[in-house]
Amino acid sequence: MDVDDFSQKIETLHSRVTRLLQSTESQPQNQQELIAEAFEELEISLEELQIASEELQAARIVVEKERQRYQELFDFAPDGYLVTNTFGTILEANRAATIYLNVLQRFLVGKPLVTFIAQSDHQVFFNYLIQLQQLDRGGEWEVCLQPREKICFDVALTVVTVRNEEGEPVALRWLMRDISERKRLELQRQQLFANEQAARIAAEAAERRSNFLAEASRVLASSLDYRTTLKSVAQLAVPTLADWCIVDVIENNLPVFTNPVIAASEPAKEALLRELQERYPISVDADYGPAQVLRTGKPELVTNILESSLQKNSSSEEHFSVLRRLEVKSQMVVSLLVRDRKLGTILFASAQPERHYTTVDLEMAQELAQRAAFAVENAQLYQQAQEANRIKEEFLAVVSHELRTPLNSMLGWVQLIRTRKLDEANTSKGLETIERNAKLQRKLIEDILDISRIVQSKIRLNIRKIDLVPVIQAVVEAVHPTSEIKNIQVESHLDSSVGQVMGDSERLQQVIWNLLSNAVKFTPNEGRVEVYLEQVNSNAQITVSDTGKGISADFLPYIFERFRQADSTTTRADNGLGLGLAIVYYLVEMHSGTVYAVSEGEGRGAKFIVLLPLAELQSEHLIKESEVKVNDLSVLNGLQILVVDDNADTRELITFVLEESGAQVTAVGSVSEALEALRQFKPDVLISDIGMPDEDGYSLIRKVRAQEAEQEKKILAVALTAFARDEEHKLALQAGFQVHVSKPIEPEELVKVVANLTKGSKQV
């Protein structure tokens, strides 16, 4: 009953009492007094009730205002407010909540609150509802709110449990606050803190790197001994940068990756690495690790090495087992590079689970490798200079000895013949001795002159197609008398089906003579010398092997160097200047071939292998024996030449040089432009770079040769490239080029190449 109803009932009662008083006027006096007294008390009570009613009315107004104020606060509060039952069904929601949930208020009532909670938080939400049965107030809970048709965002929920008089939970009041901005600021602070930490770590790392590299420079500069420098490089990296380090350097005439310098933090690991190197040497053709880095010049970073990678790179289960025992976790390989010259590689490996190499480590490794490369080069140059001085002195002593010895015999016999009357037999013997020593001197002088011509690039070759069988047979016959004296058996195994090569028969005969006469010279009596000719892939292979004194491992890398002799002492048993094998090396190289030596050591014989490209894959006319006069400005007159090079400066230089010699030049910068130009005209000569973007020179020449398949006249093609290895030389010839020329090339030499190529084509 409200205040108005109560006041109305009081008025009704007052009226009834008044009527009662009027009706009791005829009553006895004492009853009237009692009634009057009761009436007076009633009026007092009525007045009190009236006052109470007014106070109650005022309180009702205050309560209503408070209710309206609460409702306004509820509706217009910046945070969301919800009232749900104990199961989480929404009973009431303010405007902020409807905005958060993107649902109108009338549609929101009756919906489960869980439908607006991100799926990942559902189970946590249900657990929270169960906990609230025993709690009056839940702690702040951060959850991802999922509004209707909007992106999930972070809110903080605070819950109060409403209970009845019996203390049972009947409702839940939820305060919902958007904390997206707070989260963003927290994330920003975390990022700032992380950036600050990263900057501090980077600064500390930079300082350590600077100190490390400074120490590295000091150590590397402390010695000019070659092997000491290599050991210093490896030891510098361990343990600062790696748990073990392997330095491989290209050395004269030695296969790559066979004589590494190894440093490890543990002796057991170092022993295991040496075992691995000896039993499972790295193939130079491998598409990973040091072989690939040496081939491409690009560093390799493997942040996390998996067992599957180890298994892929192992040749057997035993090999895989050895690799696993190393427990390598991460690896870097960088090249030792000085002025585009590859000296070798450095491998850094980590076996620590917490140390995985990053690009920062790779940068430090490259910086160390660069400094090490300069140190290695300086040590090599110093060693070469020292060795050159020693060799020069030894050579001069040997030359003096080798020229004076036959001269002594010749002068002695001449004086005897002139001053004494000798019989016919002694005179004949003296003349034979003079003739033999004169021929020996002539050979010595020819070798010296040949070396001089080679050094000055003045030696000439008369190039034509030759069959190697008669060339080798002639040498075998020529060396037969010498071999008979020592009772050495010379056997030849010549495959007559081997194709022809392009070369100078006299010079190739000189190559085989030097190898075969050396074999006989250094093979003891009753020994054996064998000569083989066979085809290996696209090459003719000549092998000369003997059962002679062999070559020591220390001398083998220098076997083809000028003036080098394994024994240059005054007690040496064999004469000679040490020029024969150097001449072999240069002559074979001028024929676009390769030569190398193999020996298992002293007293175990030696084997020399010469590889010459077959004529089918090499129609190159070598520029060394050009007879074209390049000082004739019109030597290329009338020739149409297409130049393809992606470097504008190179194109401009080649164009200028060729046009100065009378050629008409069209220059383009890519394979696509070259093919377009070839649709417009057919040049006499194509000069193309190999390494170009999108498509390389190999692709261009293959397309050109494919288009010419039905044509009789082919375009003459020159590969002019900075790729100068034997592999690139062979690839260029196989792809369809007639000539492979390495950059940089002198302008005069370039004109020689084109002039000889076109001249040879006309002769054919």
# chains A, B, ... in the order shown; residues from 1 in each chain; ligands from 1

call {"tool": "residues_around", "arguments": {"residues": "A:Ser672", "least_positions_apart": "5", "cutoff": "12 Å", "atoms": "only C-alpha atoms", "output": "list of chain:residue names"}}
result
A:Val644, A:Asp645, A:Asp646, A:Ala677, A:Leu678, A:Arg679, A:Met692, A:Pro693, A:Asp694, A:Glu695, A:Asp696, A:Gly697, A:Ser699, A:Leu700, A:Lys703, A:Val704

call {"tool": "write_last_selection", "arguments": {"atoms": "all heavy atoms", "output": "compact mmCIF listing (two decimals), in the first residue's frame"}}
result
# COMPACT_ATOMS: atom_id res chain seq x y z
N VAL A 644 76.12 -8.27 -77.32
CA VAL A 644 75.08 -8.42 -76.30
C VAL A 644 75.75 -8.38 -74.93
O VAL A 644 76.55 -9.27 -74.60
CB VAL A 644 74.30 -9.75 -76.46
CG1 VAL A 644 73.12 -9.78 -75.50
CG2 VAL A 644 73.85 -9.93 -77.89
N ASP A 645 75.44 -7.36 -74.15
CA ASP A 645 76.02 -7.23 -72.80
C ASP A 645 75.11 -6.33 -71.98
O ASP A 645 74.70 -5.27 -72.46
CB ASP A 645 77.43 -6.65 -72.85
CG ASP A 645 78.20 -6.93 -71.56
OD1 ASP A 645 77.70 -6.58 -70.48
OD2 ASP A 645 79.30 -7.51 -71.65
N ASP A 646 74.77 -6.76 -70.75
CA ASP A 646 73.86 -5.97 -69.94
C ASP A 646 74.53 -4.76 -69.31
O ASP A 646 73.86 -3.89 -68.77
CB ASP A 646 73.23 -6.84 -68.82
CG ASP A 646 74.28 -7.40 -67.87
OD1 ASP A 646 75.31 -7.89 -68.37
OD2 ASP A 646 74.07 -7.36 -66.66
N ALA A 677 66.84 -8.24 -82.59
CA ALA A 677 67.79 -7.73 -83.58
C ALA A 677 68.09 -8.79 -84.64
O ALA A 677 68.22 -8.48 -85.83
CB ALA A 677 69.07 -7.29 -82.89
N LEU A 678 68.18 -10.05 -84.21
CA LEU A 678 68.47 -11.13 -85.16
C LEU A 678 67.32 -11.36 -86.14
O LEU A 678 67.54 -11.93 -87.22
CB LEU A 678 68.77 -12.42 -84.39
CG LEU A 678 70.13 -12.45 -83.66
CD1 LEU A 678 70.20 -13.65 -82.73
CD2 LEU A 678 71.26 -12.49 -84.67
N ARG A 679 66.11 -10.94 -85.76
CA ARG A 679 65.00 -11.02 -86.73
C ARG A 679 65.15 -9.98 -87.83
O ARG A 679 64.61 -10.15 -88.93
CB ARG A 679 63.67 -10.84 -86.00
CG ARG A 679 63.35 -11.95 -85.02
CD ARG A 679 61.93 -11.82 -84.48
NE ARG A 679 61.69 -12.75 -83.37
CZ ARG A 679 61.76 -12.42 -82.10
NH1 ARG A 679 62.04 -11.16 -81.77
NH2 ARG A 679 61.55 -13.30 -81.15
N MET A 692 73.78 -12.58 -67.48
CA MET A 692 72.87 -11.46 -67.70
C MET A 692 71.55 -11.74 -66.99
O MET A 692 71.20 -12.90 -66.78
CB MET A 692 72.62 -11.24 -69.20
CG MET A 692 73.84 -10.78 -69.98
SD MET A 692 73.48 -10.46 -71.73
CE MET A 692 73.29 -12.13 -72.35
N PRO A 693 70.79 -10.68 -66.62
CA PRO A 693 69.49 -10.89 -65.95
C PRO A 693 68.50 -11.63 -66.86
O PRO A 693 68.60 -11.57 -68.08
CB PRO A 693 69.02 -9.47 -65.65
CG PRO A 693 70.23 -8.60 -65.75
CD PRO A 693 71.12 -9.25 -66.75
N ASP A 694 67.56 -12.32 -66.23
CA ASP A 694 66.46 -13.02 -66.92
C ASP A 694 66.98 -14.24 -67.70
O ASP A 694 66.67 -15.36 -67.38
CB ASP A 694 65.67 -12.07 -67.82
CG ASP A 694 65.04 -10.94 -67.04
OD1 ASP A 694 64.66 -11.19 -65.87
OD2 ASP A 694 64.95 -9.82 -67.56
N GLU A 695 67.76 -13.99 -68.76
CA GLU A 695 68.32 -15.08 -69.56
C GLU A 695 69.80 -14.83 -69.75
O GLU A 695 70.23 -13.70 -69.94
CB GLU A 695 67.63 -15.17 -70.92
CG GLU A 695 66.21 -15.73 -70.90
CD GLU A 695 65.67 -15.98 -72.30
OE1 GLU A 695 65.10 -15.05 -72.87
OE2 GLU A 695 65.86 -17.11 -72.82
N ASP A 696 70.60 -15.94 -69.76
CA ASP A 696 72.04 -15.75 -69.90
C ASP A 696 72.49 -16.01 -71.34
O ASP A 696 71.69 -16.35 -72.22
CB ASP A 696 72.80 -16.65 -68.93
CG ASP A 696 72.47 -18.12 -69.11
OD1 ASP A 696 71.97 -18.49 -70.18
OD2 ASP A 696 72.72 -18.90 -68.17
N GLY A 697 73.80 -15.87 -71.55
CA GLY A 697 74.36 -16.05 -72.88
C GLY A 697 74.23 -17.47 -73.40
O GLY A 697 74.12 -17.69 -74.61
N SER A 699 71.67 -19.43 -72.94
CA SER A 699 70.31 -19.51 -73.48
C SER A 699 70.25 -18.87 -74.87
O SER A 699 69.62 -19.41 -75.79
CB SER A 699 69.33 -18.82 -72.53
OG SER A 699 68.05 -18.77 -73.10
N LEU A 700 70.92 -17.72 -75.03
CA LEU A 700 70.90 -17.02 -76.32
C LEU A 700 71.52 -17.87 -77.41
O LEU A 700 70.92 -18.05 -78.49
CB LEU A 700 71.66 -15.69 -76.19
CG LEU A 700 71.92 -14.93 -77.50
CD1 LEU A 700 70.61 -14.56 -78.18
CD2 LEU A 700 72.76 -13.69 -77.24
N LYS A 703 69.38 -20.80 -78.51
CA LYS A 703 68.25 -20.39 -79.36
C LYS A 703 68.73 -20.04 -80.77
O LYS A 703 68.06 -20.37 -81.76
CB LYS A 703 67.53 -19.21 -78.73
CG LYS A 703 66.77 -19.57 -77.46
CD LYS A 703 66.06 -18.38 -76.87
CE LYS A 703 65.27 -18.78 -75.61
NZ LYS A 703 64.57 -17.64 -75.00
N VAL A 704 69.88 -19.37 -80.85
CA VAL A 704 70.43 -19.03 -82.17
C VAL A 704 70.76 -20.29 -82.95
O VAL A 704 70.41 -20.42 -84.13
CB VAL A 704 71.69 -18.14 -82.01
CG1 VAL A 704 72.41 -17.97 -83.33
CG2 VAL A 704 71.33 -16.78 -81.44

call {"tool": "residues_around", "arguments": {"residues": "stretch 84-101 of chain A", "least_positions_apart": "3", "cutoff": "10 Å", "atoms": "only C-alpha atoms", "output": "PyMOL selection string"}}
result
chain A and resi 71-81+104-117+125-126+129-130+132-133+145-150+153+155+161-162+169-178

call {"tool": "write_last_selection", "arguments": {"atoms": "N, CA and C atoms", "output": "short mmCIF file (atom, residue, chain, number, x, y, z; two decimals), in the first residue's frame"}}
result
data_model
loop_
_atom_site.label_atom_id
_atom_site.label_comp_id
_atom_site.auth_asym_id
_atom_site.auth_seq_id
_atom_site.Cartn_x
_atom_site.Cartn_y
_atom_site.Cartn_z
N GLN A 71 19.13 5.06 -13.18
CA GLN A 71 18.82 4.60 -14.53
C GLN A 71 19.63 5.36 -15.58
N GLU A 72 19.76 6.68 -15.34
CA GLU A 72 20.56 7.48 -16.27
C GLU A 72 22.03 7.04 -16.23
N LEU A 73 22.50 6.84 -14.96
CA LEU A 73 23.87 6.35 -14.85
C LEU A 73 24.03 4.99 -15.53
N PHE A 74 23.05 4.14 -15.33
CA PHE A 74 23.08 2.80 -15.93
C PHE A 74 23.07 2.88 -17.45
N ASP A 75 22.16 3.74 -17.96
CA ASP A 75 22.01 3.83 -19.41
C ASP A 75 23.16 4.56 -20.10
N PHE A 76 23.65 5.61 -19.48
CA PHE A 76 24.62 6.47 -20.17
C PHE A 76 26.05 6.31 -19.64
N ALA A 77 26.28 5.31 -18.83
CA ALA A 77 27.64 5.06 -18.33
C ALA A 77 28.56 4.72 -19.51
N PRO A 78 29.83 5.16 -19.47
CA PRO A 78 30.76 4.86 -20.57
C PRO A 78 31.11 3.37 -20.65
N ASP A 79 31.01 2.69 -19.51
CA ASP A 79 31.28 1.25 -19.51
C ASP A 79 29.98 0.49 -19.68
N GLY A 80 30.13 -0.75 -20.14
CA GLY A 80 28.95 -1.57 -20.33
C GLY A 80 28.53 -2.25 -19.04
N TYR A 81 27.19 -2.26 -18.80
CA TYR A 81 26.65 -2.95 -17.63
C TYR A 81 25.63 -3.96 -18.11
N LEU A 104 20.67 -4.19 -30.61
CA LEU A 104 19.71 -3.31 -29.94
C LEU A 104 19.27 -3.94 -28.62
N GLN A 105 18.88 -3.04 -27.67
CA GLN A 105 18.59 -3.51 -26.32
C GLN A 105 17.45 -4.51 -26.30
N ARG A 106 16.41 -4.25 -27.10
CA ARG A 106 15.24 -5.13 -27.05
C ARG A 106 15.55 -6.52 -27.62
N PHE A 107 16.57 -6.59 -28.48
CA PHE A 107 16.96 -7.90 -29.02
C PHE A 107 18.03 -8.58 -28.18
N LEU A 108 18.61 -7.81 -27.27
CA LEU A 108 19.70 -8.35 -26.48
C LEU A 108 19.19 -9.16 -25.30
N VAL A 109 18.09 -8.72 -24.71
CA VAL A 109 17.52 -9.39 -23.54
C VAL A 109 17.12 -10.82 -23.92
N GLY A 110 17.55 -11.76 -23.11
CA GLY A 110 17.22 -13.16 -23.35
C GLY A 110 18.31 -13.93 -24.07
N LYS A 111 19.32 -13.24 -24.56
CA LYS A 111 20.39 -13.93 -25.27
C LYS A 111 21.49 -14.34 -24.29
N PRO A 112 22.11 -15.49 -24.49
CA PRO A 112 23.22 -15.91 -23.62
C PRO A 112 24.44 -15.00 -23.84
N LEU A 113 25.06 -14.60 -22.76
CA LEU A 113 26.24 -13.74 -22.86
C LEU A 113 27.39 -14.47 -23.56
N VAL A 114 27.44 -15.82 -23.45
CA VAL A 114 28.53 -16.59 -24.02
C VAL A 114 28.61 -16.44 -25.53
N THR A 115 27.45 -16.12 -26.17
CA THR A 115 27.47 -15.97 -27.63
C THR A 115 28.30 -14.78 -28.07
N PHE A 116 28.61 -13.88 -27.13
CA PHE A 116 29.42 -12.70 -27.46
C PHE A 116 30.86 -12.82 -26.93
N ILE A 117 31.17 -14.02 -26.48
CA ILE A 117 32.53 -14.29 -26.01
C ILE A 117 33.25 -15.09 -27.10
N PHE A 125 34.80 -19.21 -19.63
CA PHE A 125 33.59 -18.50 -19.23
C PHE A 125 32.69 -19.40 -18.39
N PHE A 126 32.48 -20.65 -18.85
CA PHE A 126 31.63 -21.56 -18.10
C PHE A 126 32.23 -21.89 -16.73
N LEU A 129 31.44 -18.99 -14.44
CA LEU A 129 30.06 -18.98 -13.92
C LEU A 129 29.93 -19.91 -12.72
N ILE A 130 30.60 -21.06 -12.80
CA ILE A 130 30.51 -22.02 -11.69
C ILE A 130 31.18 -21.44 -10.44
N LEU A 132 31.41 -18.35 -9.61
CA LEU A 132 30.62 -17.24 -9.07
C LEU A 132 29.49 -17.72 -8.14
N GLN A 133 29.15 -19.01 -8.19
CA GLN A 133 28.14 -19.54 -7.28
C GLN A 133 28.60 -19.43 -5.82
N LEU A 145 35.96 -10.02 -26.52
CA LEU A 145 34.53 -9.87 -26.80
C LEU A 145 34.30 -9.90 -28.30
N GLN A 146 33.30 -10.70 -28.71
CA GLN A 146 33.02 -10.86 -30.13
C GLN A 146 31.66 -10.24 -30.47
N PRO A 147 31.63 -8.94 -30.86
CA PRO A 147 30.36 -8.30 -31.21
C PRO A 147 29.77 -8.92 -32.47
N ARG A 148 28.49 -8.66 -32.68
CA ARG A 148 27.83 -9.15 -33.90
C ARG A 148 28.39 -8.40 -35.11
N GLU A 149 28.92 -9.17 -36.07
CA GLU A 149 29.41 -8.64 -37.34
C GLU A 149 30.54 -7.64 -37.16
N LYS A 150 31.29 -7.76 -36.08
CA LYS A 150 32.44 -6.87 -35.86
C LYS A 150 33.64 -7.70 -35.41
N PHE A 153 37.42 -7.72 -29.79
CA PHE A 153 38.31 -6.78 -29.11
C PHE A 153 38.37 -7.14 -27.63
N VAL A 155 38.18 -6.82 -23.60
CA VAL A 155 37.44 -6.13 -22.53
C VAL A 155 37.85 -6.75 -21.20
N THR A 161 27.86 -10.96 -7.60
CA THR A 161 26.76 -11.92 -7.46
C THR A 161 25.65 -11.33 -6.59
N VAL A 162 24.40 -11.36 -7.06
CA VAL A 162 23.23 -10.88 -6.31
C VAL A 162 22.57 -12.09 -5.64
N PRO A 169 22.35 -17.37 -4.87
CA PRO A 169 22.57 -16.46 -6.01
C PRO A 169 21.36 -16.44 -6.93
N VAL A 170 20.91 -15.24 -7.26
CA VAL A 170 19.74 -15.11 -8.14
C VAL A 170 20.06 -14.33 -9.42
N ALA A 171 21.15 -13.58 -9.41
CA ALA A 171 21.50 -12.79 -10.61
C ALA A 171 22.99 -12.42 -10.54
N LEU A 172 23.46 -11.98 -11.70
CA LEU A 172 24.86 -11.55 -11.80
C LEU A 172 24.90 -10.18 -12.45
N ARG A 173 25.66 -9.27 -11.88
CA ARG A 173 25.84 -7.94 -12.46
C ARG A 173 27.26 -7.85 -13.05
N TRP A 174 27.30 -7.50 -14.32
CA TRP A 174 28.57 -7.50 -15.06
C TRP A 174 28.97 -6.07 -15.42
N LEU A 175 30.21 -5.71 -15.08
CA LEU A 175 30.78 -4.45 -15.53
C LEU A 175 31.75 -4.79 -16.67
N MET A 176 31.56 -4.13 -17.82
CA MET A 176 32.31 -4.45 -19.02
C MET A 176 33.08 -3.19 -19.47
N ARG A 177 34.43 -3.29 -19.45
CA ARG A 177 35.24 -2.11 -19.78
C ARG A 177 36.13 -2.44 -20.99
N ASP A 178 36.11 -1.59 -22.00
CA ASP A 178 36.94 -1.74 -23.20
C ASP A 178 38.40 -1.43 -22.82
#

call {"tool": "atom_distance", "arguments": {"atom1": "atom CA of A:Pro470", "atom2": "atom CA of A:Gln509"}}
result
9.7 Å

call {"tool": "closest_residue", "arguments": {"among": "A:Ala198, A:Ile641, A:Ala388, A:Ala58", "to": "A:Phe681", "atoms": "only C-alpha atoms"}}
result
A:Ile641

call {"tool": "closest_residue", "arguments": {"among": "A:Gln711, A:Ser217, A:Ser53, A:Ser316", "to": "A:Val233", "atoms": "only C-alpha atoms"}}
result
A:Ser217

call {"tool": "residues_around", "arguments": {"residues": "A:Pro299", "least_positions_apart": "3", "cutoff": "8 Å", "atoms": "only C-alpha atoms", "output": "ChimeraX atom specification"}}
result
/A:293,332-335

call {"tool": "atom_distance", "arguments": {"atom1": "atom CA of A:Gly167", "atom2": "atom CA of A:Leu135"}}
result
11.2 Å

call {"tool": "select_by_dssp", "arguments": {"residues": "stretch 201-327 of chain A", "states": "strand (DSSP E)", "output": "list in words"}}
result
Trp244, Cys245, Ile246, Val247, Asp248, Val249, Val261, Ile262, Ala263, Ala264, Glu300, Leu301 and Val302 of chain A

call {"tool": "write_last_selection", "arguments": {"atoms": "all heavy atoms", "output": "compact mmCIF listing (two decimals), in the first residue's frame"}}
result
# COMPACT_ATOMS: atom_id res chain seq x y z
N TRP A 244 83.50 -25.19 -33.79
CA TRP A 244 84.64 -25.60 -34.62
C TRP A 244 84.63 -24.81 -35.92
O TRP A 244 83.62 -24.28 -36.35
CB TRP A 244 84.66 -27.11 -34.88
CG TRP A 244 83.54 -27.65 -35.72
CD1 TRP A 244 83.42 -27.65 -37.08
CD2 TRP A 244 82.36 -28.33 -35.24
NE1 TRP A 244 82.26 -28.26 -37.47
CE2 TRP A 244 81.59 -28.69 -36.35
CE3 TRP A 244 81.91 -28.66 -33.96
CZ2 TRP A 244 80.39 -29.36 -36.23
CZ3 TRP A 244 80.70 -29.32 -33.86
CH2 TRP A 244 79.96 -29.66 -34.98
N CYS A 245 85.84 -24.75 -36.49
CA CYS A 245 86.03 -23.93 -37.70
C CYS A 245 86.96 -24.70 -38.64
O CYS A 245 87.94 -25.29 -38.21
CB CYS A 245 86.64 -22.58 -37.33
SG CYS A 245 87.02 -21.54 -38.75
N ILE A 246 86.59 -24.69 -39.94
CA ILE A 246 87.40 -25.38 -40.95
C ILE A 246 87.76 -24.37 -42.04
O ILE A 246 86.87 -23.77 -42.65
CB ILE A 246 86.65 -26.57 -41.57
CG1 ILE A 246 86.24 -27.57 -40.47
CG2 ILE A 246 87.50 -27.26 -42.62
CD1 ILE A 246 85.39 -28.72 -40.97
N VAL A 247 89.05 -24.20 -42.28
CA VAL A 247 89.53 -23.28 -43.33
C VAL A 247 90.08 -24.12 -44.47
O VAL A 247 91.01 -24.92 -44.28
CB VAL A 247 90.62 -22.33 -42.79
CG1 VAL A 247 91.03 -21.34 -43.88
CG2 VAL A 247 90.12 -21.59 -41.56
N ASP A 248 89.49 -23.96 -45.66
CA ASP A 248 89.97 -24.63 -46.87
C ASP A 248 90.51 -23.58 -47.82
O ASP A 248 89.80 -22.62 -48.14
CB ASP A 248 88.83 -25.39 -47.56
CG ASP A 248 88.56 -26.73 -46.90
OD1 ASP A 248 89.45 -27.59 -46.97
OD2 ASP A 248 87.48 -26.90 -46.32
N VAL A 249 91.74 -23.78 -48.29
CA VAL A 249 92.36 -22.82 -49.20
C VAL A 249 92.79 -23.55 -50.47
O VAL A 249 93.28 -24.68 -50.42
CB VAL A 249 93.58 -22.14 -48.54
CG1 VAL A 249 94.29 -21.23 -49.52
CG2 VAL A 249 93.12 -21.32 -47.34
N VAL A 261 92.59 -26.64 -42.61
CA VAL A 261 93.05 -26.31 -41.25
C VAL A 261 91.82 -26.38 -40.34
O VAL A 261 90.80 -25.73 -40.63
CB VAL A 261 93.69 -24.92 -41.20
CG1 VAL A 261 93.98 -24.53 -39.75
CG2 VAL A 261 94.97 -24.90 -42.02
N ILE A 262 91.90 -27.15 -39.27
CA ILE A 262 90.74 -27.40 -38.41
C ILE A 262 91.05 -26.94 -36.99
O ILE A 262 92.12 -27.22 -36.46
CB ILE A 262 90.36 -28.90 -38.40
CG1 ILE A 262 90.02 -29.37 -39.83
CG2 ILE A 262 89.19 -29.17 -37.46
CD1 ILE A 262 89.79 -30.86 -39.94
N ALA A 263 90.09 -26.24 -36.39
CA ALA A 263 90.19 -25.87 -34.98
C ALA A 263 88.85 -26.19 -34.32
O ALA A 263 87.80 -25.91 -34.90
CB ALA A 263 90.52 -24.40 -34.83
N ALA A 264 88.88 -26.78 -33.13
CA ALA A 264 87.64 -27.13 -32.42
C ALA A 264 87.83 -26.87 -30.94
O ALA A 264 88.94 -26.88 -30.41
CB ALA A 264 87.28 -28.60 -32.66
N GLU A 300 76.72 -19.06 -47.25
CA GLU A 300 75.63 -19.99 -46.92
C GLU A 300 75.36 -19.92 -45.43
O GLU A 300 76.28 -20.03 -44.62
CB GLU A 300 76.02 -21.41 -47.33
CG GLU A 300 74.96 -22.45 -46.99
CD GLU A 300 75.39 -23.86 -47.32
OE1 GLU A 300 76.05 -24.49 -46.46
OE2 GLU A 300 75.10 -24.33 -48.43
N LEU A 301 74.10 -19.71 -45.06
CA LEU A 301 73.68 -19.65 -43.66
C LEU A 301 72.59 -20.70 -43.44
O LEU A 301 71.55 -20.64 -44.08
CB LEU A 301 73.15 -18.25 -43.31
CG LEU A 301 72.47 -18.10 -41.94
CD1 LEU A 301 73.46 -18.37 -40.82
CD2 LEU A 301 71.87 -16.71 -41.79
N VAL A 302 72.86 -21.65 -42.56
CA VAL A 302 71.87 -22.67 -42.19
C VAL A 302 71.58 -22.47 -40.71
O VAL A 302 72.37 -22.86 -39.85
CB VAL A 302 72.37 -24.09 -42.47
CG1 VAL A 302 71.26 -25.10 -42.18
CG2 VAL A 302 72.85 -24.22 -43.90
